[in-house]
$ cat my_file36.txt   # compact mmCIF, C-alpha atoms
# COMPACT_ATOMS: atom_id res chain seq x y z
CA TYR I 12 0.00 0.00 0.00
CA GLU I 13 2.97 2.34 0.47
CA PHE I 14 3.55 3.22 -3.17
CA ASP I 15 0.26 2.96 -5.04
CA PRO I 16 -3.03 4.31 -3.61
CA ARG I 17 -5.02 2.27 -6.13
CA GLU I 18 -3.31 -0.93 -5.02
CA ALA I 19 -3.96 0.07 -1.40
CA VAL I 20 -7.69 0.41 -2.09
CA ARG I 21 -7.76 -2.93 -3.92
CA SER I 22 -5.84 -4.77 -1.20
CA VAL I 23 -7.77 -3.32 1.72
CA GLY I 24 -11.03 -3.67 -0.20
CA ARG I 25 -10.42 -7.42 -0.32
CA MET I 26 -9.77 -7.43 3.43
CA VAL I 27 -13.16 -5.78 3.95
CA LYS I 28 -15.15 -7.84 1.43
CA GLU I 29 -13.50 -11.22 1.83
CA GLY I 30 -11.95 -11.05 5.27
CA GLY I 31 -14.66 -9.19 7.13
CA ALA I 32 -12.37 -6.37 8.27
CA GLU I 33 -14.18 -3.27 9.51
CA ALA I 34 -11.18 -0.95 9.46
CA VAL I 35 -7.45 -0.88 8.74
CA LYS I 36 -4.52 0.54 10.69
CA VAL I 37 -1.80 2.21 8.62
CA GLU I 38 1.58 3.11 10.08
CA ARG I 39 3.36 6.40 9.49
CA ALA I 40 2.31 9.48 7.56
CA GLY I 41 4.33 11.35 4.92
CA SER I 42 4.71 9.18 1.83
CA VAL I 43 1.72 6.96 2.69
CA MET I 44 -0.70 9.86 3.01
CA PRO I 45 -1.99 9.46 -0.59
CA SER I 46 -2.91 5.85 0.20
CA ILE I 47 -4.58 6.86 3.46
CA ARG I 48 -6.62 9.54 1.70
CA ALA I 49 -7.60 7.09 -1.03
CA LEU I 50 -8.77 4.51 1.53
CA ILE I 51 -10.84 7.09 3.38
CA ALA I 52 -12.31 8.34 0.09
CA ALA I 53 -13.34 4.72 -0.59
CA ASN I 54 -15.27 4.73 2.72
CA ILE I 55 -12.78 2.43 4.46
CA PRO I 56 -12.17 3.52 8.07
CA VAL I 57 -8.48 4.09 8.78
CA MET I 58 -6.66 4.23 12.11
CA GLY I 59 -3.32 6.06 12.09
CA HIS I 60 -0.12 5.11 13.89
CA VAL I 61 2.81 7.40 14.73
CA GLY I 62 5.86 7.33 16.96
CA LEU I 63 7.55 3.94 16.89
CA THR I 64 6.14 2.18 13.83
CA PRO I 65 7.24 -1.49 13.95
CA GLN I 66 7.19 -1.90 10.17
CA SER I 67 9.97 0.72 10.01
CA ILE I 68 12.20 -0.44 12.87
CA HIS I 69 15.21 -0.97 10.60
CA ARG I 70 15.03 2.67 9.58
CA PHE I 71 14.98 3.62 13.27
CA GLY I 72 17.84 1.27 14.10
CA GLY I 73 15.68 -0.93 16.32
CA TYR I 74 12.87 -0.56 18.84
CA LYS I 75 13.72 2.90 20.11
CA VAL I 76 11.61 5.63 21.71
CA GLN I 77 10.64 8.32 19.23
CA GLY I 78 9.96 12.04 19.75
CA ARG I 79 12.51 12.66 22.49
CA GLY I 80 14.12 15.82 21.15
CA ALA I 81 12.26 19.00 20.28
CA LEU I 82 12.74 18.49 16.55
CA ASP I 83 11.61 14.86 16.61
CA ALA I 84 8.68 15.69 18.89
CA GLY I 85 7.56 18.34 16.43
CA ARG I 86 7.74 15.79 13.62
CA VAL I 87 5.52 13.32 15.46
CA LEU I 88 3.03 16.05 16.38
CA SER I 89 2.87 17.25 12.77
CA GLN I 90 2.22 13.71 11.59
CA ALA I 91 -0.58 13.30 14.12
CA LYS I 92 -2.27 16.51 13.01
CA ALA I 93 -1.89 15.59 9.34
CA LEU I 94 -3.50 12.20 9.93
CA GLU I 95 -6.42 13.75 11.79
CA LYS I 96 -6.90 16.23 8.96
CA ALA I 97 -6.85 13.37 6.45
CA GLY I 98 -9.76 11.76 8.29
CA VAL I 99 -8.42 8.88 10.40
CA PHE I 100 -10.87 7.91 13.13
CA ALA I 101 -8.24 7.29 15.84
CA LEU I 102 -4.49 7.33 16.32
CA VAL I 103 -2.02 4.94 17.92
CA LEU I 104 0.86 6.60 19.77
CA GLU I 105 3.64 4.09 20.32
CA ALA I 106 6.83 4.48 22.35
CA ILE I 107 6.90 8.25 22.71
CA PRO I 108 7.48 10.35 25.85
CA SER I 109 4.48 10.76 28.12
CA ALA I 110 4.58 14.56 27.84
CA LEU I 111 4.45 14.37 24.05
CA ALA I 112 1.55 11.91 24.15
CA ARG I 113 -0.35 14.30 26.42
CA ARG I 114 0.40 17.19 24.09
CA ILE I 115 -0.84 15.27 21.05
CA THR I 116 -3.95 13.99 22.84
CA ARG I 117 -4.88 17.52 23.85
CA ALA I 118 -4.25 18.84 20.33
CA LEU I 119 -6.47 16.29 18.58
CA LYS I 120 -10.21 15.73 18.58
CA ILE I 121 -9.93 12.04 17.65
CA PRO I 122 -9.12 9.40 20.30
CA THR I 123 -5.49 8.45 20.94
CA ILE I 124 -4.49 4.90 21.87
CA GLY I 125 -1.17 4.59 23.66
CA ILE I 126 1.29 1.73 23.81
CA GLY I 127 4.33 2.62 25.85
CA ALA I 128 3.30 6.29 25.67
CA GLY I 129 2.31 7.03 29.27
CA PRO I 130 -1.06 7.47 30.99
CA HIS I 131 -2.40 10.51 29.15
CA CYS I 132 -3.86 8.82 26.04
CA ASP I 133 -7.57 8.12 25.66
CA GLY I 134 -6.97 4.35 25.60
CA GLN I 135 -4.17 1.86 26.17
CA VAL I 136 -2.80 -1.22 24.43
CA GLN I 137 -1.36 -4.07 26.46
CA VAL I 138 -0.14 -7.12 24.55
CA PHE I 139 -1.41 -10.17 26.41
CA HIS I 140 1.66 -12.18 25.42
CA ASP I 141 3.70 -9.77 27.55
CA LEU I 142 1.27 -9.86 30.48
CA LEU I 143 1.10 -13.67 30.51
CA GLY I 144 4.82 -14.25 29.94
CA LEU I 145 4.55 -16.06 26.61
CA PHE I 146 7.77 -14.30 25.50
CA PRO I 147 10.16 -15.29 28.32
CA ASP I 148 13.21 -13.60 26.80
CA PHE I 149 11.69 -10.18 26.08
CA LEU I 150 9.54 -7.78 28.09
CA PRO I 151 8.92 -4.17 27.00
CA LYS I 152 9.71 -1.57 29.62
CA HIS I 153 6.10 -0.37 29.73
CA ALA I 154 4.65 -3.85 30.36
CA LYS I 155 4.36 -5.90 33.55
CA ARG I 156 4.55 -9.68 33.56
CA TYR I 157 1.91 -11.31 35.74
CA ALA I 158 2.71 -14.96 34.90
CA ARG I 159 5.17 -17.16 33.01
CA LEU I 160 2.78 -19.21 30.94
CA GLY I 161 5.37 -19.80 28.23
CA ASP I 162 7.20 -22.11 30.63
CA VAL I 163 3.93 -23.86 31.54
CA VAL I 164 3.02 -24.41 27.89
CA THR I 165 6.50 -25.78 27.11
CA VAL I 166 6.40 -28.32 29.93
CA THR I 167 2.80 -29.33 29.23
CA ILE I 168 3.33 -29.99 25.52
CA LYS I 169 6.54 -31.92 26.12
CA GLU I 170 4.75 -34.12 28.67
CA ALA I 171 1.75 -34.61 26.39
CA THR I 172 3.83 -35.72 23.42
CA THR I 173 6.19 -38.23 25.03
CA PHE I 174 4.72 -41.40 23.59
CA SER I 175 6.03 -44.20 21.36
CA PHE I 176 5.99 -43.86 17.58
CA ASP I 177 5.85 -47.69 17.25
CA SER I 178 2.16 -47.70 18.14
CA MET I 179 1.22 -45.31 15.34
CA PRO I 180 -0.40 -46.92 12.25
CA LEU I 181 1.50 -46.76 8.98
CA GLN I 182 -1.28 -44.78 7.31
CA GLN I 183 -0.48 -41.80 9.52
CA ASN I 184 2.09 -40.50 7.07
CA ARG I 185 0.82 -36.96 7.42
CA VAL I 186 2.71 -36.46 10.66
CA ALA I 187 3.89 -32.85 10.98
CA ARG I 188 7.05 -32.66 13.01
CA PHE I 189 8.02 -29.42 14.68
CA SER I 190 11.41 -29.03 16.34
CA VAL I 191 10.67 -27.23 19.55
CA HIS I 192 13.53 -25.26 21.04
CA ASN I 193 13.55 -22.38 23.45
CA ASP I 194 13.54 -19.98 20.50
CA PHE I 195 10.06 -21.20 19.57
CA THR I 196 8.53 -20.86 23.02
CA PRO I 197 6.32 -17.87 22.05
CA PHE I 198 4.66 -20.03 19.39
CA LEU I 199 3.88 -23.01 21.61
CA GLY I 200 0.54 -21.45 22.49
CA ILE I 201 -0.36 -21.59 18.80
CA PHE I 202 0.70 -25.23 18.56
CA ALA I 203 -1.33 -26.04 21.65
CA SER I 204 -4.37 -24.40 20.08
CA VAL I 205 -3.90 -26.44 16.90
CA LEU I 206 -3.64 -29.64 18.91
CA PHE I 207 -6.84 -28.77 20.75
CA MET I 208 -8.72 -27.96 17.55
CA LEU I 209 -7.58 -31.17 15.88
CA SER I 210 -8.60 -33.22 18.89
CA THR I 211 -12.10 -31.70 19.10
CA LYS I 212 -13.05 -31.23 15.43
CA ALA I 213 -15.05 -34.37 14.61
CA ASP I 214 -14.96 -33.99 10.82
CA CYS I 215 -11.21 -33.42 10.65
CA SER I 216 -9.30 -36.23 8.91
CA VAL I 217 -6.13 -35.49 10.89
CA GLN I 218 -6.06 -36.54 14.52
CA ALA I 219 -4.29 -34.73 17.32
CA SER I 220 -1.72 -37.51 17.44
CA ASP I 221 -0.72 -36.66 13.86
CA MET I 222 1.13 -33.58 15.11
CA ILE I 223 4.24 -34.37 17.08
CA LEU I 224 6.29 -31.82 18.97
CA TRP I 225 9.70 -33.16 19.67
CA ASN I 226 13.15 -32.09 20.75
$ encode --input "my_file36.txt" --output "structure tokens"
Amino acid sequence: YEFDPREAVRSVGRMVKEGGAEAVKVERAGSVMPSIRALIAANIPVMGHVGLTPQSIHRFGGYKVQGRGALDAGRVLSQAKALEKAGVFALVLEAIPSALARRITRALKIPTIGIGAGPHCDGQVQVFHDLLGLFPDFLPKHAKRYARLGDVVTVTIKEATTFSFDSMPLQQNRVARFSVHNDFTPFLGIFASVLFMLSTKADCSVQASDMILWN
């Protein structure tokens, strides 16, 4: 969507028609403004996103707080105002100083949603993976970990999948093998969900035992 507004409308239009999306969030301002305006003109609700924009982290040099200096703060504020003028219905403020988030929130009429932007936004984002400890090796400074469920999931799946392959019928040649290491711990919740769905979906030709997690 970054380079061609017509392609943006086609792509997001499919999300709405075929995927059931009710809105789309677009990061940044500047060069993507033509696409944002085109989406809004096509009656597709758009949420803006300024500050730290994860799709541009390599340009930032990593996950770093944005808007710290006066010049950078002015840039973020200008982007926020431009997005409101373009017609976005709300704005995500990510990883910016609390004072700047308060300044932007007061300057805009649309709601602001903060993530690592202090307490002065109209709403807050908290990633449940961080709260539940599904990413054991990473925790953002603005988040608090209330549990370590990643460890629980790892132990549970390893215990549930320690059975003999000799007892499996030859016809089960659809076995999907996933090498589970510590690096994949954040995704174990997904694997667990797949195992549950396979074990409870009566009309599914693949049984839960067809998926083996092994070291």
$ atom_distance --input "my_file36.txt" --atom1 "atom CA of I:Gly125" --atom2 "atom CA of I:Gly59"
11.9 Å
$ atom_distance --input "my_file36.txt" --atom1 "atom CA of I:Pro151" --atom2 "atom CA of I:Ala40"
24.7 Å
$ atom_distance --input "my_file36.txt" --atom1 "atom CA of I:Leu142" --atom2 "atom CA of I:Leu160"
9.5 Å
$ closest_residue --input "my_file36.txt" --among "I:Lys169, I:His153, I:His131, I:Lys28" --to "I:Ala112" --atoms "only C-alpha atoms"
I:His131
$ closest_residue --input "my_file36.txt" --among "I:Pro130, I:Val57, I:Arg39, I:Leu50" --to "I:Arg86" --atoms "all atoms listed in the file"
I:Arg39
$ residues_around --input "my_file36.txt" --residues "I:Gly85" --least-positions-apart "5" --cutoff "12 Å" --atoms "all atoms listed in the file" --output "number ranges by chain"
I: 62, 77-80, 90-92, 107, 111-112, 114-115
$ closest_residue --input "my_file36.txt" --among "I:Ala110, I:Ala19, I:His60, I:Gln66" --to "I:Ala84" --atoms "only C-alpha atoms"
I:Ala110
$ closest_residue --input "my_file36.txt" --among "I:Ser46, I:Ile126, I:Val35, I:Ile168" --to "I:Thr64" --atoms "only C-alpha atoms"
I:Ile126
$ closest_residue --input "my_file36.txt" --among "I:Arg117, I:Ala106, I:Ala171, I:Tyr157" --to "I:Tyr74" --atoms "all atoms listed in the file"
I:Ala106
